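*Asks:* The following file, entry.cif, comprises mmCIF, C-alpha atoms:
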data_structure
#
loop_
_atom_site.label_atom_id
_atom_site.label_comp_id
_atom_site.auth_asym_id
_atom_site.auth_seq_id
_atom_site.Cartn_x
_atom_site.Cartn_y
_atom_site.Cartn_z
CA MET A 2 0.00 0.00 0.00
CA ALA A 3 1.28 3.41 -0.90
CA THR A 4 2.47 5.56 1.96
CA THR A 5 0.24 8.44 0.87
CA ASP A 6 -2.83 6.43 1.90
CA THR A 7 -1.88 6.36 5.54
CA PHE A 8 -2.32 8.80 8.36
CA GLN A 9 -0.76 9.17 11.75
CA CYS A 10 -2.81 7.74 14.58
CA SER A 11 -1.95 8.10 18.26
CA VAL A 12 -3.79 6.80 21.28
CA ILE A 13 -2.87 8.69 24.43
CA THR A 14 -3.90 8.13 28.02
CA PRO A 15 -2.89 10.29 30.99
CA GLU A 16 -0.39 7.62 31.96
CA ARG A 17 1.36 7.11 28.64
CA ALA A 18 1.11 7.04 24.87
CA VAL A 19 -0.41 3.63 24.23
CA LEU A 20 -0.14 3.50 20.48
CA GLU A 21 1.55 5.57 17.83
CA CYS A 22 1.47 4.33 14.27
CA GLU A 23 0.78 4.97 10.63
CA SER A 24 -2.63 3.59 9.80
CA THR A 25 -4.92 3.13 6.85
CA PHE A 26 -8.21 2.83 8.68
CA VAL A 27 -9.45 3.42 12.20
CA ALA A 28 -12.84 2.51 13.64
CA PHE A 29 -13.72 3.95 17.01
CA PRO A 30 -16.75 4.01 19.27
CA ALA A 31 -18.19 7.52 19.14
CA HIS A 32 -20.68 8.59 21.78
CA ASP A 33 -23.58 7.79 19.45
CA GLY A 34 -22.28 4.77 17.54
CA GLU A 35 -19.26 3.43 15.74
CA MET A 36 -17.43 5.66 13.33
CA GLY A 37 -14.68 4.95 10.82
CA VAL A 38 -11.93 7.22 9.61
CA LEU A 39 -9.87 6.92 6.45
CA THR A 40 -7.02 9.07 5.31
CA LYS A 41 -7.52 12.79 4.55
CA ARG A 42 -10.66 13.15 6.57
CA ALA A 43 -12.08 16.59 7.26
CA PRO A 44 -11.23 17.95 10.71
CA LEU A 45 -13.32 16.28 13.37
CA LEU A 46 -13.77 16.68 17.08
CA CYS A 47 -15.85 14.00 18.67
CA LYS A 48 -16.71 12.54 22.04
CA LEU A 49 -16.02 8.85 22.53
CA GLY A 50 -18.10 6.15 24.13
CA ILE A 51 -17.22 2.77 25.53
CA GLY A 52 -16.18 0.15 23.04
CA GLN A 53 -13.54 -1.31 20.84
CA LEU A 54 -11.03 0.65 18.85
CA ARG A 55 -9.64 -0.92 15.70
CA VAL A 56 -6.55 0.53 14.14
CA GLU A 57 -5.42 -0.94 10.85
CA SER A 58 -1.93 -0.18 9.68
CA PRO A 59 -0.34 -1.49 6.47
CA THR A 60 1.44 -4.22 8.41
CA GLU A 61 -0.75 -5.07 11.38
CA LYS A 62 -4.03 -4.60 13.19
CA HIS A 63 -4.48 -3.30 16.70
CA LEU A 64 -7.49 -3.96 18.86
CA LEU A 65 -8.02 -1.94 22.00
CA PHE A 66 -10.67 -1.37 24.61
CA ILE A 67 -11.35 2.29 25.32
CA ASP A 68 -13.56 3.92 27.87
CA GLY A 69 -14.70 7.41 26.95
CA GLY A 70 -12.53 10.32 25.90
CA PHE A 71 -12.17 12.41 22.77
CA VAL A 72 -10.94 12.07 19.25
CA GLN A 73 -9.43 14.82 17.18
CA VAL A 74 -8.69 14.55 13.49
CA VAL A 75 -6.82 17.41 11.92
CA GLY A 76 -4.36 17.65 9.06
CA ASN A 77 -4.22 13.91 8.33
CA ARG A 78 -3.44 13.23 11.97
CA MET A 79 -5.68 11.49 14.42
CA THR A 80 -5.38 11.77 18.17
CA ILE A 81 -7.43 9.70 20.54
CA LEU A 82 -7.43 10.97 24.10
CA THR A 83 -8.92 8.50 26.49
CA GLU A 84 -8.65 7.84 30.19
CA GLN A 85 -8.39 4.13 29.69
CA ALA A 86 -7.03 2.19 26.73
CA LEU A 87 -6.38 -1.49 27.12
CA PRO A 88 -4.96 -3.71 24.35
CA ALA A 89 -7.29 -6.65 23.76
CA ALA A 90 -4.47 -9.07 24.57
CA ASP A 91 -4.15 -7.61 28.07
CA ILE A 92 -7.77 -8.10 29.04
CA ASP A 93 -8.34 -10.80 31.60
CA PRO A 94 -11.54 -12.61 30.55
CA GLU A 95 -12.22 -13.89 34.05
CA ALA A 96 -11.92 -10.45 35.59
CA ALA A 97 -14.22 -9.10 32.90
CA SER A 98 -16.86 -11.80 33.58
CA GLN A 99 -16.56 -11.04 37.26
CA ALA A 100 -17.04 -7.33 36.52
CA LEU A 101 -20.18 -8.16 34.53
CA VAL A 102 -21.65 -10.07 37.47
CA GLU A 103 -20.84 -7.18 39.78
CA ALA A 104 -22.25 -4.64 37.35
CA ARG A 105 -25.50 -6.58 37.09
CA ALA A 106 -25.75 -6.63 40.87
CA MET A 107 -25.52 -2.83 41.07
CA LYS A 108 -28.68 -1.12 42.16
CA GLY A 109 -30.33 1.41 39.89
CA THR A 110 -32.55 3.60 42.01
CA ASP A 111 -32.31 6.95 40.25
CA VAL A 112 -31.23 8.31 36.91
CA GLU A 113 -27.56 8.57 37.83
CA SER A 114 -27.18 5.11 39.32
CA VAL A 115 -29.05 3.52 36.41
CA ASP A 116 -26.66 5.33 34.11
CA ALA A 117 -23.63 4.13 36.06
CA ARG A 118 -25.00 0.59 36.05
CA ASN A 119 -25.58 0.59 32.30
CA ARG A 120 -22.09 1.92 31.70
CA ALA A 121 -20.52 -0.71 33.94
CA ILE A 122 -22.44 -3.48 32.16
CA GLN A 123 -21.45 -2.18 28.74
CA ARG A 124 -17.83 -1.87 29.82
CA ALA A 125 -17.77 -5.47 31.03
CA LYS A 126 -19.55 -6.78 27.94
CA VAL A 127 -17.17 -5.09 25.53
CA GLN A 128 -14.19 -6.39 27.49
CA ILE A 129 -15.51 -9.95 27.39
CA LYS A 130 -16.14 -9.68 23.67
CA LEU A 131 -12.67 -8.30 23.05
CA SER A 132 -10.94 -10.92 25.14
CA ARG A 133 -12.60 -13.60 23.03
CA ALA A 134 -11.74 -11.89 19.78
CA LYS A 135 -7.97 -12.08 20.21
CA MET B 17 42.45 0.20 75.65
CA ALA B 18 38.90 1.06 76.80
CA ASN B 19 38.66 4.43 75.05
CA ALA B 20 40.10 3.23 71.76
CA ARG B 21 37.79 0.25 71.69
CA ILE B 22 34.71 2.46 72.05
CA ILE B 23 35.87 4.50 69.09
CA VAL B 24 36.37 1.37 66.98
CA LYS B 25 32.87 0.28 67.80
CA ARG B 26 31.40 3.61 66.79
CA ARG B 27 33.35 3.63 63.56
CA LYS B 28 31.93 0.24 62.71
CA THR B 29 28.41 1.54 63.32
CA VAL B 30 28.94 4.54 61.09
CA ARG B 31 30.33 2.26 58.36
CA ASN B 32 27.21 0.15 58.49
CA ILE B 33 24.98 3.19 58.29
CA ARG B 34 26.95 4.43 55.32
CA LYS B 35 26.32 1.14 53.54
CA ILE B 36 22.59 1.54 54.11
CA THR B 37 22.39 5.15 53.02
CA ARG B 38 24.42 4.46 49.91
CA THR B 39 22.09 1.63 48.95
CA MET B 40 19.07 3.85 49.56
CA GLN B 41 20.62 6.49 47.36
CA LEU B 42 21.05 4.02 44.53
CA ILE B 43 17.49 2.76 44.90
CA ALA B 44 16.14 6.31 44.91
CA THR B 45 18.12 7.08 41.76
CA ALA B 46 16.57 4.13 39.96
CA ARG B 47 13.08 4.95 41.23
CA PHE B 48 13.50 8.58 40.28
CA GLN B 49 14.21 7.64 36.69
CA ALA B 50 10.99 5.63 36.54
CA ALA B 51 8.95 8.33 38.28
CA PHE B 52 10.40 11.00 36.02
CA ASN B 53 9.48 9.03 32.92
CA ARG B 54 5.95 8.66 34.23
CA ALA B 55 5.73 12.38 34.94
CA VAL B 56 6.88 13.16 31.41
CA ALA B 57 4.47 10.63 29.92
CA THR B 58 1.45 12.65 31.06
CA LYS B 59 2.61 15.69 29.09
CA PRO B 60 1.28 14.70 25.64
CA TYR B 61 -2.20 14.09 27.03
CA THR B 62 -2.27 17.39 28.90
CA GLU B 63 -1.00 19.34 25.93
CA ARG B 64 -3.47 17.79 23.51
CA LEU B 65 -6.31 18.38 25.91
CA ALA B 66 -5.35 22.03 26.34
CA GLU B 67 -5.27 22.34 22.56
CA LEU B 68 -8.77 20.92 22.27
CA VAL B 69 -10.08 23.22 24.98
CA ALA B 70 -8.51 26.16 23.16
CA ASP B 71 -10.07 25.14 19.85
CA LEU B 72 -13.45 24.77 21.49
CA THR B 73 -13.56 27.90 23.62
CA GLY B 74 -13.18 29.88 20.42
CA VAL B 75 -16.30 28.27 18.96
CA ALA B 76 -18.45 27.90 22.05
CA ASP B 77 -17.86 31.35 23.42
CA GLY B 78 -20.09 32.79 26.05
CA ALA B 79 -20.58 29.35 27.50
CA GLU B 80 -20.04 29.67 31.23
CA HIS B 81 -19.25 26.27 32.60
CA PRO B 82 -20.14 25.48 36.23
CA LEU B 83 -16.53 24.46 36.89
CA MET B 84 -15.35 27.96 35.99
CA LYS B 85 -17.77 29.83 38.20
CA THR B 86 -15.73 32.07 40.47
CA GLU B 87 -18.35 33.62 42.72
CA SER B 88 -19.63 31.25 45.33
CA THR B 89 -21.44 31.68 48.62
CA ALA B 90 -19.84 28.62 50.20
CA THR B 91 -17.64 29.25 53.22
CA ARG B 92 -15.74 26.04 52.66
CA SER B 93 -12.83 25.16 50.47
CA ALA B 94 -10.80 22.02 49.92
CA LEU B 95 -7.10 21.32 50.00
CA VAL B 96 -5.44 18.21 48.63
CA GLY B 97 -2.04 17.65 50.20
CA LEU B 98 0.47 15.32 48.58
CA THR B 99 3.14 14.07 50.95
CA SER B 100 5.24 10.93 50.99
CA HIS B 101 4.58 7.63 52.72
CA ARG B 102 8.15 7.18 53.89
CA GLY B 103 10.66 9.43 55.54
CA LEU B 104 14.40 9.79 55.01
CA CYS B 105 13.92 12.26 52.22
CA GLY B 106 15.36 15.41 53.76
CA GLY B 107 13.15 18.43 54.07
CA TYR B 108 10.60 17.14 51.56
CA ASN B 109 7.66 16.64 53.88
CA ALA B 110 8.59 19.43 56.24
CA SER B 111 8.57 22.12 53.57
CA LEU B 112 5.36 20.75 52.03
CA LEU B 113 3.57 20.76 55.35
CA ARG B 114 4.82 24.24 56.15
CA THR B 115 3.29 25.46 52.89
CA ALA B 116 0.09 23.54 53.55
CA VAL B 117 -0.34 24.88 57.07
CA ALA B 118 0.34 28.44 55.87
CA HIS B 119 -2.38 27.98 53.23
CA LEU B 120 -4.81 26.64 55.84
CA LYS B 121 -4.12 29.63 58.04
CA ASP B 122 -4.76 31.99 55.13
CA GLN B 123 -8.07 30.32 54.46
CA GLU B 124 -9.10 30.53 58.08
CA GLU B 125 -8.25 34.20 58.25
CA SER B 126 -10.43 34.90 55.24
CA GLY B 127 -13.27 33.09 57.00
CA THR B 128 -13.32 29.82 55.07
CA ASP B 129 -13.19 26.38 56.59
CA CYS B 130 -10.87 24.09 54.75
CA ASP B 131 -11.52 20.40 54.17
CA VAL B 132 -8.25 18.54 53.92
CA TYR B 133 -7.70 15.54 51.71
CA MET B 134 -4.30 14.27 52.75
CA SER B 135 -2.29 11.78 50.76
CA GLY B 136 0.80 10.18 52.29
CA LYS B 137 1.39 8.81 55.76
CA LYS B 138 3.75 11.60 56.73
CA GLY B 139 1.22 14.34 56.15
CA ILE B 140 -1.55 12.36 57.83
CA GLY B 141 0.63 11.82 60.89
CA TYR B 142 1.49 15.48 61.11
CA LEU B 143 -2.10 16.69 60.89
CA ARG B 144 -3.12 14.14 63.51
CA PHE B 145 -0.40 15.53 65.74
CA LEU B 146 -1.82 19.02 65.17
CA GLY B 147 -5.22 17.64 66.09
CA ARG B 148 -6.76 18.66 62.79
CA GLU B 149 -9.62 16.71 61.29
CA MET B 150 -9.12 15.42 57.78
CA ARG B 151 -11.94 14.80 55.38
CA GLN B 152 -10.12 11.96 53.70
CA GLU B 153 -6.89 10.13 54.36
CA ILE B 154 -5.44 8.75 51.17
CA THR B 155 -2.95 5.97 51.72
CA HIS B 156 -3.41 3.76 48.68
CA ILE B 157 -1.54 5.91 46.17
CA GLY B 158 2.13 5.00 46.12
CA ASP B 159 5.22 5.68 44.04
CA ALA B 160 3.47 4.94 40.78
CA PRO B 161 0.15 6.78 40.88
CA LYS B 162 -2.54 5.26 38.67
CA PHE B 163 -5.05 7.41 36.92
CA SER B 164 -7.87 5.22 38.17
CA ASP B 165 -6.78 5.97 41.76
CA VAL B 166 -6.69 9.72 41.29
CA ASP B 167 -9.93 9.84 39.31
CA PRO B 168 -12.35 9.42 42.27
CA ILE B 169 -10.71 12.23 44.24
CA ALA B 170 -11.04 14.66 41.35
CA ASN B 171 -14.63 13.57 40.76
CA GLU B 172 -15.55 14.12 44.39
CA LEU B 173 -14.03 17.60 44.38
CA MET B 174 -15.87 18.53 41.19
CA ASP B 175 -19.13 17.15 42.54
CA ARG B 176 -18.88 19.16 45.69
CA PHE B 177 -17.84 22.25 43.79
CA VAL B 178 -20.76 22.05 41.39
CA ARG B 179 -23.17 21.44 44.26
CA GLY B 180 -21.86 24.63 45.82
CA GLU B 181 -20.46 22.99 48.94
CA ILE B 182 -16.97 24.32 48.37
CA SER B 183 -15.91 27.59 46.84
CA ALA B 184 -12.47 26.45 45.70
CA ALA B 185 -10.12 23.49 45.64
CA HIS B 186 -6.38 23.73 45.94
CA VAL B 187 -3.56 21.24 45.70
CA VAL B 188 -0.32 21.53 47.58
CA TYR B 189 2.47 19.42 46.12
CA MET B 190 6.16 19.49 45.33
CA ARG B 191 6.46 20.87 41.83
CA PHE B 192 9.27 19.31 39.87
CA VAL B 193 11.14 22.13 38.14
CA SER B 194 14.40 20.37 37.39
CA ALA B 195 16.60 17.69 38.92
CA GLY B 196 18.17 20.38 41.08
CA LYS B 197 15.06 22.31 42.01
CA GLN B 198 11.68 21.36 43.42
CA VAL B 199 9.33 23.92 44.88
CA PRO B 200 6.45 23.35 47.27
CA THR B 201 3.54 24.87 45.38
CA VAL B 202 -0.13 25.55 45.95
CA ILE B 203 -2.17 25.46 42.76
CA GLN B 204 -5.82 26.21 42.30
CA LEU B 205 -7.64 23.24 40.85
CA LEU B 206 -11.13 24.71 41.02
CA PRO B 207 -12.58 27.02 39.83
CA LEU B 208 -10.81 26.38 36.55
CA THR B 209 -8.83 29.31 35.27
CA ARG B 210 -8.89 30.18 31.64
CA GLU B 211 -5.55 31.86 31.06
CA LYS B 212 -3.87 28.70 29.83
CA SER B 213 -6.38 28.11 27.05
CA ASP B 214 -6.25 31.77 26.04
CA ASP B 215 -2.56 31.48 25.32
CA ALA B 216 -3.02 28.40 23.24
CA SER B 217 -5.94 29.77 21.23
CA ASN B 218 -3.65 32.36 19.70
CA GLY B 219 -1.55 29.50 18.38
CA LYS B 220 -1.43 27.95 14.98
CA GLN B 221 -4.54 25.80 15.04
CA GLY B 222 -6.90 28.47 16.25
CA ASN B 223 -9.10 28.59 13.17
CA VAL B 224 -9.55 25.04 11.96
CA GLN B 225 -13.13 24.37 10.85
CA TYR B 226 -14.05 21.27 12.80
CA GLU B 227 -16.94 18.96 12.44
CA PHE B 228 -18.29 18.61 15.98
CA SER B 229 -20.14 15.75 17.48
CA PRO B 230 -22.02 16.48 19.74
CA ASN B 231 -22.16 20.28 19.61
CA PRO B 232 -19.18 22.33 20.87
CA LYS B 233 -20.88 23.33 24.09
CA GLU B 234 -21.55 19.76 25.16
CA LEU B 235 -18.05 18.74 24.15
CA LEU B 236 -16.60 21.49 26.28
CA GLU B 237 -18.70 20.34 29.19
CA GLU B 238 -17.05 16.95 28.90
CA LEU B 239 -13.58 18.30 28.25
CA LEU B 240 -13.28 20.54 31.28
CA PRO B 241 -13.77 17.81 33.89
CA ALA B 242 -11.17 15.77 32.00
CA THR B 243 -8.80 18.73 32.30
CA VAL B 244 -9.33 18.90 36.06
CA ARG B 245 -8.74 15.17 36.43
CA VAL B 246 -5.54 15.19 34.43
CA ARG B 247 -4.26 18.25 36.26
CA LEU B 248 -4.66 16.51 39.59
CA PHE B 249 -3.07 13.38 38.16
CA GLN B 250 -0.13 15.40 36.96
CA CYS B 251 0.34 16.78 40.46
CA PHE B 252 0.58 13.24 41.75
CA THR B 253 3.16 12.14 39.19
CA ASP B 254 5.16 15.32 39.73
CA ALA B 255 5.14 14.79 43.47
CA ALA B 256 6.33 11.20 43.05
CA ALA B 257 9.32 12.32 40.98
CA SER B 258 10.14 15.10 43.45
CA GLU B 259 9.99 12.71 46.38
CA GLN B 260 12.47 10.32 44.84
CA ILE B 261 14.92 13.03 43.95
CA ALA B 262 14.62 14.54 47.42
CA ARG B 263 15.42 11.14 48.91
CA MET B 264 18.31 10.70 46.52
CA VAL B 265 19.82 14.05 47.51
CA ALA B 266 19.26 13.44 51.23
CA MET B 267 20.86 10.00 51.08
CA LYS B 268 23.80 11.30 49.09
CA ALA B 269 24.43 13.92 51.77
CA ALA B 270 24.08 11.27 54.48
CA THR B 271 26.58 9.00 52.75
CA GLU B 272 29.07 11.84 52.44
CA ALA B 273 28.57 12.87 56.06
CA ALA B 274 29.16 9.28 57.16
CA GLY B 275 32.39 9.21 55.15
CA ASP B 276 33.61 12.39 56.87
CA MET B 277 32.72 10.96 60.23
CA ILE B 278 34.67 7.77 59.55
CA THR B 279 37.77 9.84 58.73
CA ALA B 280 37.37 11.87 61.92
CA LEU B 281 36.84 8.76 64.04
CA THR B 282 39.85 7.02 62.52
CA ARG B 283 42.00 9.99 63.41
CA LYS B 284 40.63 10.04 66.93
CA TYR B 285 41.23 6.33 67.29
CA ASN B 286 44.86 6.60 66.18
CA ARG B 287 45.47 9.35 68.65
CA ALA B 288 43.85 7.40 71.49
CA ARG B 289 45.96 4.36 70.67
CA GLN B 290 49.11 6.44 70.56
CA THR B 291 48.31 8.00 73.95
CA GLN B 292 47.75 4.57 75.43
CA ILE B 293 51.10 3.28 74.16
CA THR B 294 52.88 6.34 75.49
CA LEU B 295 51.25 5.86 78.87
CA GLU B 296 52.23 2.20 79.01
CA LEU B 297 55.82 3.04 78.05
CA LEU B 298 55.96 5.70 80.75
CA ASP B 299 54.73 3.10 83.24
CA ILE B 300 57.50 0.69 82.30
CA VAL B 301 60.19 3.37 82.29
CA GLY B 302 58.93 4.66 85.63
CA GLY B 303 59.01 1.14 87.09
CA ALA B 304 62.53 0.52 85.84
CA ASN B 305 63.73 3.83 87.25
CA ALA B 306 62.19 3.02 90.62
CA LEU B 307 64.15 -0.27 90.78
CA GLU B 308 67.51 1.42 90.30
#
Written as structure tokens, how would this file's structure read?

*Replies:*
Amino acid sequence: MATTDTFQCSVITPERAVLECESTFVAFPAHDGEMGVLTKRAPLLCKLGIGQLRVESPTEKHLLFIDGGFVQVVGNRMTILTEQALPAADIDPEAASQALVEARAMKGTDVESVDARNRAIQRAKVQIKLSRAK
Amino acid sequence: MANARIIVKRRKTVRNIRKITRTMQLIATARFQAAFNRAVATKPYTERLAELVADLTGVADGAEHPLMKTESTATRSALVGLTSHRGLCGGYNASLLRTAVAHLKDQEESGTDCDVYMSGKKGIGYLRFLGREMRQEITHIGDAPKFSDVDPIANELMDRFVRGEISAAHVVYMRFVSAGKQVPTVIQLLPLTREKSDDASNGKQGNVQYEFSPNPKELLEELLPATVRVRLFQCFTDAAASEQIARMVAMKAATEAAGDMITALTRKYNRARQTQITLELLDIVGGANALE
């Protein structure tokens, strides 16, 4: 694949830069559904949701779990700022299943706690799915 | 030989202490490198976030976010203190606590009660000694602060601020300026100040036409809490690096002082031994003279 078809993609958490690579296609979970980005996209600023992030570079594919954050695309450069980014290979399926059980046991008594419960369940579900996908 | 033997014993003790302090110095050096790398690793995130905030404030102007609200009727404020868990790091904790107590006094004089969130066993111990109540004692954050550990503290502060319980939140920590200089600093975490973003908005990317999702105002509402969280996290990583370098410097000084002491003791020992020999000789000579 020609080098002109790639764009720089970096995934950054407060703790470190998780991923920095040239990529051809990136699919990320936006706050309202999945979104894909190819090279030379118009500038974008978008809120992220919980889900899987797929980064495809000419040589390899990366699969990560991300939990909220922001994405910025400008000048053929994509930056994903998230508070948690976990490579799929690092997810412990047992811990994720455990988290799902715990999330389901959470009580939803008002709008906020229902929200928190739904988020926790989604987080656990995505992690389980990702840990199987590797 | 009594006197000389005591000196030998002391010299042995000092030698042992020197071995320990030298080892601690080496450990602190290694830990500092790791802590420093972690502190640097948060920079890209912070910078990018500031850039985004700058890009957005230009578009969503006039939006007054609750986290930026400066006038408040609350007579309470909050202070997060970051001290170390372990001692033997020179004046690190002492200077931090001096700054913290001065800040608390200032707050009291202006008529605000201050809720203290203290991290680190040393600070907790000191405030207990002063007989001051703490709102929260944080002991689970160690040399390598995790974002997930710092997150709840920032969230609680923001919650209380938005509810109007506290009028401001400050952090006192050891700011890492360079390997040779660390300054105890009080920064204002809440209300958020805007100056930083104003500087950046004059920069190169000020007028990119973005496609926003959701609208800029909502995005900004999400971005600002993230800024607060990462700022607090950065304080923690900075403090960790400062602590290790303070320990390194203190242990280096201790090792050198022990070396000096060994030299002095050796000299003293030689002199004591010499005196003893002279005395014994005098005894013998005196005895022989008496016989004649």

*Asks:* At a cut-off of 12 Å, using all atoms listed in the file, what residues contact A:Met36? Leave out same-chain residues fewer than 5 positions from it and give the result as an MDAnalysis selection string.

*Replies:* (chainID A and resid 26:31 45 47:50 52:55 72) or (chainID B and resid 229)

*Asks:* What separation in Å, quoted to one decimal, exists between atom CA of B:Leu297 and atom CA of B:Arg26?

*Replies:* 26.9 Å

*Asks:* So what do you get for atom CA of B:Thr294 versus atom CA of B:Ile22, distance-wise?

*Replies:*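 Computing the Euclidean distance for atom CA of B:Thr294 and atom CA of B:Ile22 yields 18.9 Å.
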
*Asks:* Determine, counting all atoms listed in the file, which protein, DNA and RNA residues have an atom within 8 Å of an atom of B:Asp254; residues of the same chain fewer than 2 positions away are not included. Present the result as a ChimeraX atom specification.

*Replies:* /B:52,55,190-192,250-252,256-258

*Asks:* Could you write out that same residue set with C-alpha atoms as a PDB file, in the frame of the given file?

*Replies:*
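Now in part36.pdb:
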ATOM      1  CA  PHE B  52      10.400  11.000  36.020  1.00  0.00           C
ATOM      2  CA  ALA B  55       5.730  12.380  34.940  1.00  0.00           C
ATOM      3  CA  MET B 190       6.160  19.490  45.330  1.00  0.00           C
ATOM      4  CA  ARG B 191       6.460  20.870  41.830  1.00  0.00           C
ATOM      5  CA  PHE B 192       9.270  19.310  39.870  1.00  0.00           C
ATOM      6  CA  GLN B 250      -0.130  15.400  36.960  1.00  0.00           C
ATOM      7  CA  CYS B 251       0.340  16.780  40.460  1.00  0.00           C
ATOM      8  CA  PHE B 252       0.580  13.240  41.750  1.00  0.00           C
ATOM      9  CA  ALA B 256       6.330  11.200  43.050  1.00  0.00           C
ATOM     10  CA  ALA B 257       9.320  12.320  40.980  1.00  0.00           C
ATOM     11  CA  SER B 258      10.140  15.100  43.450  1.00  0.00           C
TER      12      SER B 258
END

*Asks:* Go through the shown structure with the PyMOL selection byres ((chain A) within 6 of (chain B)) and write out the matching residues as JSON, numbers by chain.

*Replies:* {"A": [15, 16, 17, 44, 45, 46, 47]}

*Asks:* For B:Ala255, which of B:Cys105, B:Thr86, B:Ala66, B:Asp159 is the closest residue, counting only C-alpha atoms?

*Replies:*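 Nearest candidate to B:Ala255 out of B:Cys105, B:Thr86, B:Ala66, B:Asp159: B:Asp159.
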
*Asks:* What does the structure give for the distance between atom CA of B:Thr279 and atom CA of B:Val30, in Å to one decimal?

*Replies:* 10.6 Å

*Asks:* For B:Thr155, which residue out of B:His101, B:Lys35, B:Arg27, B:His119 is the nearest one, using only C-alpha atoms?

*Replies:*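 Ranked by minimum distance to B:Thr155, first place goes to B:His101.
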
*Asks:* For the provided coordinates, the residues matched by the PyMOL selection byres ((chain A and resi 91-100) around 10) should be stated as a JSON list (two decimals) with C-alpha atoms, in the coordinates of the input.

*Replies:*
[["chain", "number", "residue", "atom", "x", "y", "z"],
["A", 65, "LEU", "CA", -8.02, -1.94, 22.00],
["A", 66, "PHE", "CA", -10.67, -1.37, 24.61],
["A", 87, "LEU", "CA", -6.38, -1.49, 27.12],
["A", 88, "PRO", "CA", -4.96, -3.71, 24.35],
["A", 89, "ALA", "CA", -7.29, -6.65, 23.76],
["A", 90, "ALA", "CA", -4.47, -9.07, 24.57],
["A", 101, "LEU", "CA", -20.18, -8.16, 34.53],
["A", 102, "VAL", "CA", -21.65, -10.07, 37.47],
["A", 103, "GLU", "CA", -20.84, -7.18, 39.78],
["A", 104, "ALA", "CA", -22.25, -4.64, 37.35],
["A", 105, "ARG", "CA", -25.50, -6.58, 37.09],
["A", 106, "ALA", "CA", -25.75, -6.63, 40.87],
["A", 121, "ALA", "CA", -20.52, -0.71, 33.94],
["A", 122, "ILE", "CA", -22.44, -3.48, 32.16],
["A", 124, "ARG", "CA", -17.83, -1.87, 29.82],
["A", 125, "ALA", "CA", -17.77, -5.47, 31.03],
["A", 126, "LYS", "CA", -19.55, -6.78, 27.94],
["A", 127, "VAL", "CA", -17.17, -5.09, 25.53],
["A", 128, "GLN", "CA", -14.19, -6.39, 27.49],
["A", 129, "ILE", "CA", -15.51, -9.95, 27.39],
["A", 130, "LYS", "CA", -16.14, -9.68, 23.67],
["A", 131, "LEU", "CA", -12.67, -8.30, 23.05],
["A", 132, "SER", "CA", -10.94, -10.92, 25.14],
["A", 133, "ARG", "CA", -12.60, -13.60, 23.03],
["A", 135, "LYS", "CA", -7.97, -12.08, 20.21]]

*Asks:* For the file shown, report as a VMD selection string the outcome of the PyMOL selection byres ((chain A and resi 57) around 9) at residue level.

*Replies:* chain A and resid 23 to 28 55 to 56 58 to 64

*Asks:* Contacts of A:Asn77 at 12 Å or less, counting all atoms listed in the file, minus same-chain residues fewer than 3 places along, as a list in words?

*Replies:*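 In the requested form, the answer reads Thr5, Asp6, Thr7, Phe8, Gln9, Cys10, Ser11, Glu23, Ser24, Thr25, Phe26, Val38, Leu39, Thr40, Lys41, Arg42, Ala43, Pro44, Leu45, Gln73, Val74 and Thr80 of chain A.
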
*Asks:* Please report, as AutoDock Vina command-line options, the centre and edge lengths in Å to one decimal of an axis-aligned box covering all listed atoms of stretch 77-89 of chain A with 3 Å per side.

*Replies:*
--center_x -6.2 --center_y 3.6 --center_z 19.3 --size_x 11.5 --size_y 26.6 --size_z 27.9

*Asks:* Could you pull the residues within 10 Å of B:Ile278, counting only C-alpha atoms, minus those fewer than 3 positions along the same chain, as a PyMOL selection string?

*Replies:* chain B and resi 24+26-31+34+272-275+281-284

*Asks:* Let me see the file: selected residues, C-alpha atoms, as a PDB file, in the coordinates of the input.

*Replies:*
ATOM      1  CA  VAL B  24      36.370   1.370  66.980  1.00  0.00           C
ATOM      2  CA  ARG B  26      31.400   3.610  66.790  1.00  0.00           C
ATOM      3  CA  ARG B  27      33.350   3.630  63.560  1.00  0.00           C
ATOM      4  CA  LYS B  28      31.930   0.240  62.710  1.00  0.00           C
ATOM      5  CA  THR B  29      28.410   1.540  63.320  1.00  0.00           C
ATOM      6  CA  VAL B  30      28.940   4.540  61.090  1.00  0.00           C
ATOM      7  CA  ARG B  31      30.330   2.260  58.360  1.00  0.00           C
ATOM      8  CA  ARG B  34      26.950   4.430  55.320  1.00  0.00           C
ATOM      9  CA  GLU B 272      29.070  11.840  52.440  1.00  0.00           C
ATOM     10  CA  ALA B 273      28.570  12.870  56.060  1.00  0.00           C
ATOM     11  CA  ALA B 274      29.160   9.280  57.160  1.00  0.00           C
ATOM     12  CA  GLY B 275      32.390   9.210  55.150  1.00  0.00           C
ATOM     13  CA  LEU B 281      36.840   8.760  64.040  1.00  0.00           C
ATOM     14  CA  THR B 282      39.850   7.020  62.520  1.00  0.00           C
ATOM     15  CA  ARG B 283      42.000   9.990  63.410  1.00  0.00           C
ATOM     16  CA  LYS B 284      40.630  10.040  66.930  1.00  0.00           C
TER      17      LYS B 284
END

*Asks:* Which one is closest to A:Ile13: B:Leu104, B:Pro207, B:Glu63, B:Ile33? Count all atoms listed in the file.

*Replies:*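 Between B:Leu104, B:Pro207, B:Glu63, B:Ile33, the residue approaching A:Ile13 most closely is B:Glu63.
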
*Asks:* Might you pull out every residue within 12 Å of B:Ser88, with all atoms listed in the file counted and same-chain residues fewer than 5 positions away left off, and present them as a list in words?

*Replies:*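 My list of contacting residues is Pro82, Leu83, Ser93, Thr128, Phe177, Val178, Arg179, Gly180, Glu181, Ile182, Ser183, Ala184, Leu206 and Pro207 of chain B.
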